[in-house]
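So this block is start_16.cif, mmCIF, N, CA and C atoms:
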```cif
data_start
loop_
_atom_site.group_PDB
_atom_site.id
_atom_site.type_symbol
_atom_site.label_atom_id
_atom_site.label_comp_id
_atom_site.auth_asym_id
_atom_site.auth_seq_id
_atom_site.Cartn_x
_atom_site.Cartn_y
_atom_site.Cartn_z
ATOM 1 N N MET Q 85 109.198 115.759 93.873
ATOM 2 C CA MET Q 85 108.328 114.824 93.198
ATOM 3 C C MET Q 85 108.282 113.548 94.023
ATOM 4 N N ILE Q 86 107.114 112.947 94.066
ATOM 5 C CA ILE Q 86 106.945 111.653 94.706
ATOM 6 C C ILE Q 86 106.649 110.624 93.625
ATOM 7 N N PHE Q 87 107.358 109.513 93.671
ATOM 8 C CA PHE Q 87 107.139 108.398 92.763
ATOM 9 C C PHE Q 87 106.576 107.244 93.585
ATOM 10 N N ILE Q 88 105.531 106.590 93.071
ATOM 11 C CA ILE Q 88 104.849 105.529 93.794
ATOM 12 C C ILE Q 88 104.738 104.301 92.895
ATOM 13 N N ALA Q 89 104.946 103.111 93.467
ATOM 14 C CA ALA Q 89 104.819 101.880 92.681
ATOM 15 C C ALA Q 89 104.355 100.735 93.571
ATOM 16 N N GLY Q 90 103.721 99.772 92.955
ATOM 17 C CA GLY Q 90 103.294 98.554 93.627
ATOM 18 C C GLY Q 90 102.983 97.499 92.586
ATOM 19 N N ASN Q 91 102.767 96.283 93.029
ATOM 20 C CA ASN Q 91 102.441 95.172 92.138
ATOM 21 C C ASN Q 91 101.026 94.686 92.416
ATOM 22 N N GLY Q 92 100.359 94.180 91.381
ATOM 23 C CA GLY Q 92 99.017 93.633 91.551
ATOM 24 C C GLY Q 92 98.035 94.688 92.040
ATOM 25 N N GLY Q 93 97.305 94.364 93.106
ATOM 26 C CA GLY Q 93 96.347 95.308 93.658
ATOM 27 C C GLY Q 93 97.013 96.576 94.163
ATOM 28 N N LEU Q 94 98.262 96.459 94.608
ATOM 29 C CA LEU Q 94 98.977 97.648 95.075
ATOM 30 C C LEU Q 94 99.414 98.545 93.914
ATOM 31 N N ALA Q 95 99.464 98.013 92.699
ATOM 32 C CA ALA Q 95 99.694 98.867 91.532
ATOM 33 C C ALA Q 95 98.499 99.810 91.367
ATOM 34 N N ALA Q 96 97.302 99.252 91.494
ATOM 35 C CA ALA Q 96 96.097 100.077 91.423
ATOM 36 C C ALA Q 96 96.054 101.057 92.585
ATOM 37 N N GLU Q 97 96.457 100.608 93.766
ATOM 38 C CA GLU Q 97 96.471 101.490 94.936
ATOM 39 C C GLU Q 97 97.486 102.628 94.771
ATOM 40 N N SER Q 98 98.612 102.345 94.125
ATOM 41 C CA SER Q 98 99.602 103.399 93.901
ATOM 42 C C SER Q 98 99.044 104.477 92.977
ATOM 43 N N GLU Q 99 98.268 104.065 91.992
ATOM 44 C CA GLU Q 99 97.647 105.036 91.093
ATOM 45 C C GLU Q 99 96.560 105.822 91.827
ATOM 46 N N HIS Q 100 95.799 105.158 92.682
ATOM 47 C CA HIS Q 100 94.770 105.835 93.468
ATOM 48 C C HIS Q 100 95.410 106.844 94.413
ATOM 49 N N PHE Q 101 96.486 106.450 95.079
ATOM 50 C CA PHE Q 101 97.178 107.343 96.009
ATOM 51 C C PHE Q 101 97.716 108.570 95.275
ATOM 52 N N ALA Q 102 98.292 108.372 94.101
ATOM 53 C CA ALA Q 102 98.784 109.495 93.307
ATOM 54 C C ALA Q 102 97.640 110.438 92.935
ATOM 55 N N ALA Q 103 96.501 109.885 92.601
ATOM 56 C CA ALA Q 103 95.334 110.709 92.261
ATOM 57 C C ALA Q 103 94.877 111.519 93.465
ATOM 58 N N GLU Q 104 94.915 110.923 94.647
ATOM 59 C CA GLU Q 104 94.527 111.645 95.860
ATOM 60 C C GLU Q 104 95.482 112.799 96.139
ATOM 61 N N LEU Q 105 96.775 112.574 95.929
ATOM 62 C CA LEU Q 105 97.754 113.623 96.199
ATOM 63 C C LEU Q 105 97.683 114.765 95.203
ATOM 64 N N MET Q 106 97.369 114.457 93.956
ATOM 65 C CA MET Q 106 97.352 115.495 92.932
ATOM 66 C C MET Q 106 95.983 116.126 92.737
ATOM 67 N N GLY Q 107 94.930 115.430 93.139
ATOM 68 C CA GLY Q 107 93.588 115.958 92.975
ATOM 69 C C GLY Q 107 93.106 116.644 94.239
ATOM 70 N N LYS Q 108 91.928 117.211 94.150
ATOM 71 C CA LYS Q 108 91.363 117.897 95.313
ATOM 72 C C LYS Q 108 90.811 116.854 96.279
ATOM 73 N N PHE Q 109 91.346 116.854 97.481
ATOM 74 C CA PHE Q 109 90.877 115.933 98.513
ATOM 75 C C PHE Q 109 90.124 116.755 99.552
ATOM 76 N N ALA Q 110 90.752 117.163 100.603
ATOM 77 C CA ALA Q 110 90.085 117.957 101.634
ATOM 78 C C ALA Q 110 90.564 119.402 101.626
ATOM 79 N N PHE Q 111 91.738 119.630 101.094
ATOM 80 C CA PHE Q 111 92.346 120.958 101.122
ATOM 81 C C PHE Q 111 92.866 121.312 99.740
ATOM 82 N N ASP Q 112 93.137 122.576 99.529
ATOM 83 C CA ASP Q 112 93.729 123.016 98.266
ATOM 84 C C ASP Q 112 95.246 122.884 98.335
ATOM 85 N N VAL Q 113 95.694 121.679 98.617
ATOM 86 C CA VAL Q 113 97.121 121.355 98.662
ATOM 87 C C VAL Q 113 97.337 120.231 97.664
ATOM 88 N N TYR Q 114 98.229 120.469 96.729
ATOM 89 C CA TYR Q 114 98.466 119.488 95.676
ATOM 90 C C TYR Q 114 99.933 119.080 95.722
ATOM 91 N N ILE Q 115 100.179 117.792 95.698
ATOM 92 C CA ILE Q 115 101.533 117.275 95.804
ATOM 93 C C ILE Q 115 101.890 116.585 94.486
ATOM 94 N N PRO Q 116 102.922 117.056 93.795
ATOM 95 C CA PRO Q 116 103.283 116.439 92.520
ATOM 96 C C PRO Q 116 103.783 115.010 92.704
ATOM 97 N N CYS Q 117 103.186 114.098 91.962
ATOM 98 C CA CYS Q 117 103.593 112.699 92.067
ATOM 99 C C CYS Q 117 103.259 111.948 90.785
ATOM 100 N N ILE Q 118 103.914 110.812 90.646
ATOM 101 C CA ILE Q 118 103.712 109.944 89.489
ATOM 102 C C ILE Q 118 103.605 108.508 89.981
ATOM 103 N N ALA Q 119 102.598 107.790 89.519
ATOM 104 C CA ALA Q 119 102.508 106.357 89.754
ATOM 105 C C ALA Q 119 103.281 105.660 88.636
ATOM 106 N N LEU Q 120 104.347 104.979 88.983
ATOM 107 C CA LEU Q 120 105.203 104.333 87.984
ATOM 108 C C LEU Q 120 104.543 103.137 87.315
ATOM 109 N N THR Q 121 103.354 102.780 87.758
ATOM 110 C CA THR Q 121 102.608 101.655 87.190
ATOM 111 C C THR Q 121 101.619 102.100 86.113
ATOM 112 N N ALA Q 122 101.387 103.398 85.999
ATOM 113 C CA ALA Q 122 100.274 103.907 85.201
ATOM 114 C C ALA Q 122 100.459 103.750 83.686
ATOM 115 N N ASN Q 123 101.672 103.676 83.212
ATOM 116 C CA ASN Q 123 101.914 103.580 81.771
ATOM 117 C C ASN Q 123 102.176 102.114 81.416
ATOM 118 N N SER Q 124 101.104 101.399 81.087
ATOM 119 C CA SER Q 124 101.238 99.957 80.828
ATOM 120 C C SER Q 124 102.135 99.662 79.629
ATOM 121 N N SER Q 125 102.147 100.516 78.636
ATOM 122 C CA SER Q 125 103.027 100.296 77.476
ATOM 123 C C SER Q 125 104.483 100.371 77.895
ATOM 124 N N LEU Q 126 104.818 101.350 78.731
ATOM 125 C CA LEU Q 126 106.189 101.485 79.202
ATOM 126 C C LEU Q 126 106.575 100.327 80.118
ATOM 127 N N VAL Q 127 105.698 99.986 81.066
ATOM 128 C CA VAL Q 127 105.999 98.903 82.008
ATOM 129 C C VAL Q 127 106.246 97.594 81.264
ATOM 130 N N THR Q 128 105.419 97.263 80.296
ATOM 131 C CA THR Q 128 105.591 96.002 79.570
ATOM 132 C C THR Q 128 106.810 96.040 78.643
ATOM 133 N N ALA Q 129 107.092 97.192 78.048
ATOM 134 C CA ALA Q 129 108.284 97.314 77.201
ATOM 135 C C ALA Q 129 109.550 97.150 78.039
ATOM 136 N N LEU Q 130 109.588 97.804 79.207
ATOM 137 C CA LEU Q 130 110.757 97.670 80.081
ATOM 138 C C LEU Q 130 110.891 96.246 80.598
ATOM 139 N N ALA Q 131 109.782 95.625 80.955
ATOM 140 C CA ALA Q 131 109.826 94.245 81.431
ATOM 141 C C ALA Q 131 110.401 93.325 80.356
ATOM 142 N N ASN Q 132 110.011 93.553 79.119
ATOM 143 C CA ASN Q 132 110.503 92.749 78.007
ATOM 144 C C ASN Q 132 111.976 93.026 77.729
ATOM 145 N N ASP Q 133 112.362 94.299 77.760
ATOM 146 C CA ASP Q 133 113.707 94.689 77.338
ATOM 147 C C ASP Q 133 114.769 94.559 78.433
ATOM 148 N N ILE Q 134 114.418 94.908 79.683
ATOM 149 C CA ILE Q 134 115.442 94.925 80.740
ATOM 150 C C ILE Q 134 115.072 94.082 81.956
ATOM 151 N N GLY Q 135 113.914 93.431 81.923
ATOM 152 C CA GLY Q 135 113.503 92.548 83.014
ATOM 153 C C GLY Q 135 112.529 93.222 83.968
ATOM 154 N N PHE Q 136 111.559 92.443 84.427
ATOM 155 C CA PHE Q 136 110.517 92.983 85.288
ATOM 156 C C PHE Q 136 111.070 93.527 86.600
ATOM 157 N N GLU Q 137 112.179 92.949 87.066
ATOM 158 C CA GLU Q 137 112.760 93.417 88.318
ATOM 159 C C GLU Q 137 113.335 94.831 88.208
ATOM 160 N N ASN Q 138 113.464 95.344 86.987
ATOM 161 C CA ASN Q 138 114.057 96.667 86.768
ATOM 162 C C ASN Q 138 113.059 97.740 86.330
ATOM 163 N N VAL Q 139 111.773 97.406 86.212
ATOM 164 C CA VAL Q 139 110.827 98.364 85.619
ATOM 165 C C VAL Q 139 110.664 99.643 86.424
ATOM 166 N N PHE Q 140 110.712 99.573 87.744
ATOM 167 C CA PHE Q 140 110.534 100.777 88.548
ATOM 168 C C PHE Q 140 111.860 101.502 88.765
ATOM 169 N N GLY Q 141 112.911 100.750 89.035
ATOM 170 C CA GLY Q 141 114.221 101.365 89.230
ATOM 171 C C GLY Q 141 114.689 102.132 88.004
ATOM 172 N N HIS Q 142 114.443 101.583 86.832
ATOM 173 C CA HIS Q 142 114.849 102.266 85.602
ATOM 174 C C HIS Q 142 114.098 103.593 85.445
ATOM 175 N N GLN Q 143 112.802 103.566 85.711
ATOM 176 C CA GLN Q 143 112.025 104.809 85.612
ATOM 177 C C GLN Q 143 112.548 105.858 86.594
ATOM 178 N N LEU Q 144 112.929 105.418 87.789
ATOM 179 C CA LEU Q 144 113.478 106.351 88.769
ATOM 180 C C LEU Q 144 114.811 106.924 88.309
ATOM 181 N N GLU Q 145 115.641 106.096 87.684
ATOM 182 C CA GLU Q 145 116.924 106.577 87.160
ATOM 183 C C GLU Q 145 116.719 107.649 86.096
ATOM 184 N N VAL Q 146 115.712 107.457 85.254
ATOM 185 C CA VAL Q 146 115.476 108.384 84.142
ATOM 186 C C VAL Q 146 114.751 109.649 84.609
ATOM 187 N N LEU Q 147 113.752 109.497 85.478
ATOM 188 C CA LEU Q 147 112.906 110.625 85.864
ATOM 189 C C LEU Q 147 113.305 111.305 87.172
ATOM 190 N N GLY Q 148 113.923 110.554 88.071
ATOM 191 C CA GLY Q 148 114.172 111.057 89.422
ATOM 192 C C GLY Q 148 115.308 112.057 89.502
ATOM 193 N N LYS Q 149 115.228 112.881 90.535
ATOM 194 C CA LYS Q 149 116.261 113.871 90.843
ATOM 195 C C LYS Q 149 116.548 113.800 92.337
ATOM 196 N N ALA Q 150 117.673 114.358 92.742
ATOM 197 C CA ALA Q 150 118.011 114.406 94.168
ATOM 198 C C ALA Q 150 116.889 115.091 94.927
ATOM 199 N N GLY Q 151 116.516 114.524 96.043
ATOM 200 C CA GLY Q 151 115.451 115.095 96.862
ATOM 201 C C GLY Q 151 114.080 114.515 96.603
ATOM 202 N N ASP Q 152 113.930 113.724 95.545
ATOM 203 C CA ASP Q 152 112.648 113.081 95.271
ATOM 204 C C ASP Q 152 112.407 111.953 96.284
ATOM 205 N N THR Q 153 111.162 111.507 96.345
ATOM 206 C CA THR Q 153 110.767 110.442 97.263
ATOM 207 C C THR Q 153 110.167 109.283 96.482
ATOM 208 N N PHE Q 154 110.527 108.065 96.888
ATOM 209 C CA PHE Q 154 109.932 106.868 96.301
ATOM 210 C C PHE Q 154 109.139 106.145 97.372
ATOM 211 N N ILE Q 155 107.889 105.818 97.059
ATOM 212 C CA ILE Q 155 107.049 105.011 97.937
ATOM 213 C C ILE Q 155 106.797 103.687 97.230
ATOM 214 N N GLY Q 156 107.332 102.621 97.786
ATOM 215 C CA GLY Q 156 107.148 101.290 97.228
ATOM 216 C C GLY Q 156 106.142 100.526 98.069
ATOM 217 N N MET Q 157 105.042 100.146 97.458
ATOM 218 C CA MET Q 157 103.988 99.421 98.166
ATOM 219 C C MET Q 157 104.137 97.925 97.889
ATOM 220 N N THR Q 158 104.303 97.138 98.961
ATOM 221 C CA THR Q 158 104.440 95.706 98.780
ATOM 222 C C THR Q 158 104.013 94.966 100.041
ATOM 223 N N THR Q 159 103.522 93.768 99.854
ATOM 224 C CA THR Q 159 103.176 92.909 100.989
ATOM 225 C C THR Q 159 104.153 91.734 101.072
ATOM 226 N N SER Q 160 105.129 91.742 100.199
ATOM 227 C CA SER Q 160 106.112 90.656 100.164
ATOM 228 C C SER Q 160 107.468 91.258 99.811
ATOM 229 N N HIS Q 161 108.402 90.428 99.464
ATOM 230 C CA HIS Q 161 109.718 90.887 99.060
ATOM 231 C C HIS Q 161 109.762 91.015 97.540
ATOM 232 N N SER Q 162 109.052 91.978 97.008
ATOM 233 C CA SER Q 162 108.983 92.183 95.554
ATOM 234 C C SER Q 162 110.318 92.710 95.050
ATOM 235 N N GLY Q 163 110.959 91.938 94.195
ATOM 236 C CA GLY Q 163 112.270 92.315 93.684
ATOM 237 C C GLY Q 163 112.293 93.664 92.995
ATOM 238 N N ASN Q 164 111.254 93.971 92.241
ATOM 239 C CA ASN Q 164 111.256 95.246 91.512
ATOM 240 C C ASN Q 164 111.085 96.437 92.465
ATOM 241 N N ILE Q 165 110.362 96.264 93.561
ATOM 242 C CA ILE Q 165 110.226 97.333 94.554
ATOM 243 C C ILE Q 165 111.534 97.487 95.324
ATOM 244 N N LEU Q 166 112.125 96.384 95.727
ATOM 245 C CA LEU Q 166 113.386 96.436 96.478
ATOM 246 C C LEU Q 166 114.509 97.059 95.650
ATOM 247 N N LYS Q 167 114.608 96.703 94.369
ATOM 248 C CA LYS Q 167 115.641 97.290 93.517
ATOM 249 C C LYS Q 167 115.423 98.786 93.311
ATOM 250 N N ALA Q 168 114.165 99.198 93.201
ATOM 251 C CA ALA Q 168 113.869 100.621 93.025
ATOM 252 C C ALA Q 168 114.235 101.400 94.279
ATOM 253 N N ALA Q 169 113.990 100.801 95.437
ATOM 254 C CA ALA Q 169 114.312 101.481 96.702
ATOM 255 C C ALA Q 169 115.824 101.596 96.864
#
```
Any chance you could give the structure as structure tokens?
Amino acid sequence: MIFIAGNGGLAAESEHFAAELMGKFAFDVYIPCIALTANSSLVTALANDIGFENVFGHQLEVLGKAGDTFIGMTTSHSGNILKAA
């Protein structure tokens, strides 16, 4: 499984990238992935309950397994991306 996350415009890009990997692009190859930004109710609940810096790392702890991949999209030193990585 691939997990993808980003902040701001890169949150939207992470969802777009996940759609490209799971949908039909050029080949009949589908890669299972989840954009950790896509569930706004979960992201805001986690931000409220455990802090915004933990929203992606917590999801990875709950959903991730050995061998999974995390792609963190950032143009700065985003604390929540760094903690998830």
Could you write out as a list in words the residues that the PyMOL selection byres (((chain Q and resi 95-111 and name CA) around 10) and name CA) matches in the shown file? Ile86, Phe87, Ile88, Ala89, Gly90, Asn91, Gly92, Gly93, Leu94, Asp112, Val113, Tyr114, Ile115, Pro116, Cys117, Ile118, Ala119, Leu120, Thr121, Ala122, Ile155, Gly156, Met157 and Thr158 of chain Q
To one decimal in Å, tell me the separation between CA of Ser125 in chain Q and CA of Ala150 in chain Q.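 Distance reported for this atom pair: 26.5 Å.
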So what do you get for atom N of Ser124 in chain Q versus atom C of Gly151 in chain Q, distance-wise?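 These two atoms are separated by 24.1 Å.
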Selection result for the PyMOL selection byres (((chain Q and resi 136 and name CA) around 12) and name CA) on this file, as a PyMOL selection string: chain Q and resi 91+121+126-135+137-143+162-165+167-168
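One finds atom C of Ala169 in chain Q at 12.4 Å from atom C of Glu145 in chain Q.
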Secondary structure check, alpha helix (DSSP H) residues of range 91-160 of chain Q, as a PyMOL selection string: chain Q and resi 93-106+124-134+139-147
Among chain Q, which residues carry a DSSP assignment of strand (DSSP E or B), reported as an mmCIF file with N, CA and C atoms, in the frame of the given file?
```cif
data_model
loop_
_atom_site.group_PDB
_atom_site.id
_atom_site.type_symbol
_atom_site.label_atom_id
_atom_site.label_comp_id
_atom_site.auth_asym_id
_atom_site.auth_seq_id
_atom_site.Cartn_x
_atom_site.Cartn_y
_atom_site.Cartn_z
ATOM 1 N N ILE Q 86 107.114 112.947 94.066
ATOM 2 C CA ILE Q 86 106.945 111.653 94.706
ATOM 3 C C ILE Q 86 106.649 110.624 93.625
ATOM 4 N N PHE Q 87 107.358 109.513 93.671
ATOM 5 C CA PHE Q 87 107.139 108.398 92.763
ATOM 6 C C PHE Q 87 106.576 107.244 93.585
ATOM 7 N N ILE Q 88 105.531 106.590 93.071
ATOM 8 C CA ILE Q 88 104.849 105.529 93.794
ATOM 9 C C ILE Q 88 104.738 104.301 92.895
ATOM 10 N N ALA Q 89 104.946 103.111 93.467
ATOM 11 C CA ALA Q 89 104.819 101.880 92.681
ATOM 12 C C ALA Q 89 104.355 100.735 93.571
ATOM 13 N N GLY Q 90 103.721 99.772 92.955
ATOM 14 C CA GLY Q 90 103.294 98.554 93.627
ATOM 15 C C GLY Q 90 102.983 97.499 92.586
ATOM 16 N N CYS Q 117 103.186 114.098 91.962
ATOM 17 C CA CYS Q 117 103.593 112.699 92.067
ATOM 18 C C CYS Q 117 103.259 111.948 90.785
ATOM 19 N N ILE Q 118 103.914 110.812 90.646
ATOM 20 C CA ILE Q 118 103.712 109.944 89.489
ATOM 21 C C ILE Q 118 103.605 108.508 89.981
ATOM 22 N N ALA Q 119 102.598 107.790 89.519
ATOM 23 C CA ALA Q 119 102.508 106.357 89.754
ATOM 24 C C ALA Q 119 103.281 105.660 88.636
ATOM 25 N N THR Q 153 111.162 111.507 96.345
ATOM 26 C CA THR Q 153 110.767 110.442 97.263
ATOM 27 C C THR Q 153 110.167 109.283 96.482
ATOM 28 N N PHE Q 154 110.527 108.065 96.888
ATOM 29 C CA PHE Q 154 109.932 106.868 96.301
ATOM 30 C C PHE Q 154 109.139 106.145 97.372
ATOM 31 N N ILE Q 155 107.889 105.818 97.059
ATOM 32 C CA ILE Q 155 107.049 105.011 97.937
ATOM 33 C C ILE Q 155 106.797 103.687 97.230
ATOM 34 N N GLY Q 156 107.332 102.621 97.786
ATOM 35 C CA GLY Q 156 107.148 101.290 97.228
ATOM 36 C C GLY Q 156 106.142 100.526 98.069
ATOM 37 N N MET Q 157 105.042 100.146 97.458
ATOM 38 C CA MET Q 157 103.988 99.421 98.166
ATOM 39 C C MET Q 157 104.137 97.925 97.889
#
```
Write out as lines of an AutoDock Vina configuration file an axis-aligned box for range 154-167 of chain Q: all of its atoms listed in the file, 8 Å added on each side, centre and edge lengths in Å with one decimal.
```
center_x = 109.4
center_y = 99.2
center_z = 96.3
size_x = 28.5
size_y = 33.6
size_z = 25.6
```
For N, CA, C and O atoms, please extract range 117-143 of chain Q from the block and return it as an mmCIF file, in the first residue's frame.
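Below is the file that was written, selection.cif:
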```
data_model
loop_
_atom_site.group_PDB
_atom_site.id
_atom_site.type_symbol
_atom_site.label_atom_id
_atom_site.label_comp_id
_atom_site.auth_asym_id
_atom_site.auth_seq_id
_atom_site.Cartn_x
_atom_site.Cartn_y
_atom_site.Cartn_z
ATOM 1 N N CYS Q 117 -3.440 2.621 -3.129
ATOM 2 C CA CYS Q 117 -2.924 3.752 -2.363
ATOM 3 C C CYS Q 117 -4.065 4.514 -1.701
ATOM 4 O O CYS Q 117 -5.226 4.390 -2.090
ATOM 5 N N ILE Q 118 -3.681 5.295 -0.711
ATOM 6 C CA ILE Q 118 -4.631 6.119 0.032
ATOM 7 C C ILE Q 118 -4.026 7.503 0.213
ATOM 8 O O ILE Q 118 -2.873 7.627 0.634
ATOM 9 N N ALA Q 119 -4.795 8.535 -0.082
ATOM 10 C CA ALA Q 119 -4.403 9.899 0.241
ATOM 11 C C ALA Q 119 -4.874 10.185 1.666
ATOM 12 O O ALA Q 119 -6.073 10.160 1.941
ATOM 13 N N LEU Q 120 -3.947 10.410 2.567
ATOM 14 C CA LEU Q 120 -4.284 10.622 3.978
ATOM 15 C C LEU Q 120 -4.984 11.949 4.232
ATOM 16 O O LEU Q 120 -5.422 12.213 5.335
ATOM 17 N N THR Q 121 -5.123 12.763 3.204
ATOM 18 C CA THR Q 121 -5.789 14.062 3.313
ATOM 19 C C THR Q 121 -7.267 13.989 2.930
ATOM 20 O O THR Q 121 -7.996 14.944 3.143
ATOM 21 N N ALA Q 122 -7.690 12.882 2.341
ATOM 22 C CA ALA Q 122 -8.998 12.812 1.696
ATOM 23 C C ALA Q 122 -10.184 12.814 2.670
ATOM 24 O O ALA Q 122 -11.277 13.199 2.291
ATOM 25 N N ASN Q 123 -9.990 12.385 3.887
ATOM 26 C CA ASN Q 123 -11.094 12.312 4.846
ATOM 27 C C ASN Q 123 -11.033 13.541 5.757
ATOM 28 O O ASN Q 123 -10.404 13.529 6.805
ATOM 29 N N SER Q 124 -11.719 14.601 5.344
ATOM 30 C CA SER Q 124 -11.642 15.862 6.097
ATOM 31 C C SER Q 124 -12.187 15.727 7.516
ATOM 32 O O SER Q 124 -11.679 16.385 8.434
ATOM 33 N N SER Q 125 -13.173 14.891 7.726
ATOM 34 C CA SER Q 125 -13.706 14.695 9.084
ATOM 35 C C SER Q 125 -12.651 14.077 9.982
ATOM 36 O O SER Q 125 -12.472 14.497 11.138
ATOM 37 N N LEU Q 126 -11.930 13.084 9.466
ATOM 38 C CA LEU Q 126 -10.882 12.446 10.249
ATOM 39 C C LEU Q 126 -9.719 13.402 10.500
ATOM 40 O O LEU Q 126 -9.231 13.517 11.627
ATOM 41 N N VAL Q 127 -9.276 14.103 9.451
ATOM 42 C CA VAL Q 127 -8.144 15.024 9.595
ATOM 43 C C VAL Q 127 -8.449 16.097 10.637
ATOM 44 O O VAL Q 127 -7.620 16.384 11.514
ATOM 45 N N THR Q 128 -9.628 16.679 10.603
ATOM 46 C CA THR Q 128 -9.962 17.737 11.560
ATOM 47 C C THR Q 128 -10.172 17.183 12.972
ATOM 48 O O THR Q 128 -9.820 17.839 13.953
ATOM 49 N N ALA Q 129 -10.734 15.985 13.083
ATOM 50 C CA ALA Q 129 -10.902 15.368 14.403
ATOM 51 C C ALA Q 129 -9.542 15.063 15.024
ATOM 52 O O ALA Q 129 -9.308 15.354 16.204
ATOM 53 N N LEU Q 130 -8.626 14.501 14.223
ATOM 54 C CA LEU Q 130 -7.286 14.207 14.740
ATOM 55 C C LEU Q 130 -6.545 15.488 15.091
ATOM 56 O O LEU Q 130 -5.862 15.550 16.121
ATOM 57 N N ALA Q 131 -6.675 16.509 14.265
ATOM 58 C CA ALA Q 131 -6.020 17.783 14.551
ATOM 59 C C ALA Q 131 -6.515 18.353 15.878
ATOM 60 O O ALA Q 131 -5.726 18.858 16.679
ATOM 61 N N ASN Q 132 -7.803 18.239 16.123
ATOM 62 C CA ASN Q 132 -8.388 18.734 17.363
ATOM 63 C C ASN Q 132 -7.957 17.890 18.558
ATOM 64 O O ASN Q 132 -7.649 18.421 19.624
ATOM 65 N N ASP Q 133 -7.950 16.571 18.387
ATOM 66 C CA ASP Q 133 -7.723 15.666 19.514
ATOM 67 C C ASP Q 133 -6.245 15.421 19.832
ATOM 68 O O ASP Q 133 -5.885 15.299 21.004
ATOM 69 N N ILE Q 134 -5.399 15.297 18.795
ATOM 70 C CA ILE Q 134 -3.997 14.930 19.050
ATOM 71 C C ILE Q 134 -2.995 15.906 18.442
ATOM 72 O O ILE Q 134 -1.791 15.690 18.550
ATOM 73 N N GLY Q 135 -3.480 16.955 17.787
ATOM 74 C CA GLY Q 135 -2.598 17.979 17.226
ATOM 75 C C GLY Q 135 -2.362 17.784 15.736
ATOM 76 O O GLY Q 135 -2.207 16.657 15.266
ATOM 77 N N PHE Q 136 -2.312 18.901 15.023
ATOM 78 C CA PHE Q 136 -2.167 18.852 13.576
ATOM 79 C C PHE Q 136 -0.861 18.196 13.143
ATOM 80 O O PHE Q 136 -0.789 17.564 12.100
ATOM 81 N N GLU Q 137 0.173 18.316 13.979
ATOM 82 C CA GLU Q 137 1.454 17.717 13.627
ATOM 83 C C GLU Q 137 1.408 16.187 13.626
ATOM 84 O O GLU Q 137 2.305 15.529 13.095
ATOM 85 N N ASN Q 138 0.339 15.609 14.166
ATOM 86 C CA ASN Q 138 0.223 14.150 14.267
ATOM 87 C C ASN Q 138 -0.813 13.534 13.326
ATOM 88 O O ASN Q 138 -1.007 12.314 13.353
ATOM 89 N N VAL Q 139 -1.485 14.339 12.501
ATOM 90 C CA VAL Q 139 -2.610 13.800 11.720
ATOM 91 C C VAL Q 139 -2.206 12.726 10.723
ATOM 92 O O VAL Q 139 -2.961 11.777 10.506
ATOM 93 N N PHE Q 140 -1.038 12.833 10.113
ATOM 94 C CA PHE Q 140 -0.631 11.833 9.132
ATOM 95 C C PHE Q 140 0.082 10.658 9.797
ATOM 96 O O PHE Q 140 -0.161 9.499 9.457
ATOM 97 N N GLY Q 141 0.946 10.951 10.751
ATOM 98 C CA GLY Q 141 1.650 9.882 11.456
ATOM 99 C C GLY Q 141 0.699 8.937 12.172
ATOM 100 O O GLY Q 141 0.902 7.714 12.150
ATOM 101 N N HIS Q 142 -0.337 9.484 12.774
ATOM 102 C CA HIS Q 142 -1.307 8.640 13.475
ATOM 103 C C HIS Q 142 -2.024 7.706 12.492
ATOM 104 O O HIS Q 142 -2.200 6.518 12.781
ATOM 105 N N GLN Q 143 -2.420 8.250 11.353
ATOM 106 C CA GLN Q 143 -3.085 7.408 10.350
ATOM 107 C C GLN Q 143 -2.159 6.284 9.882
ATOM 108 O O GLN Q 143 -2.598 5.151 9.676
#
```
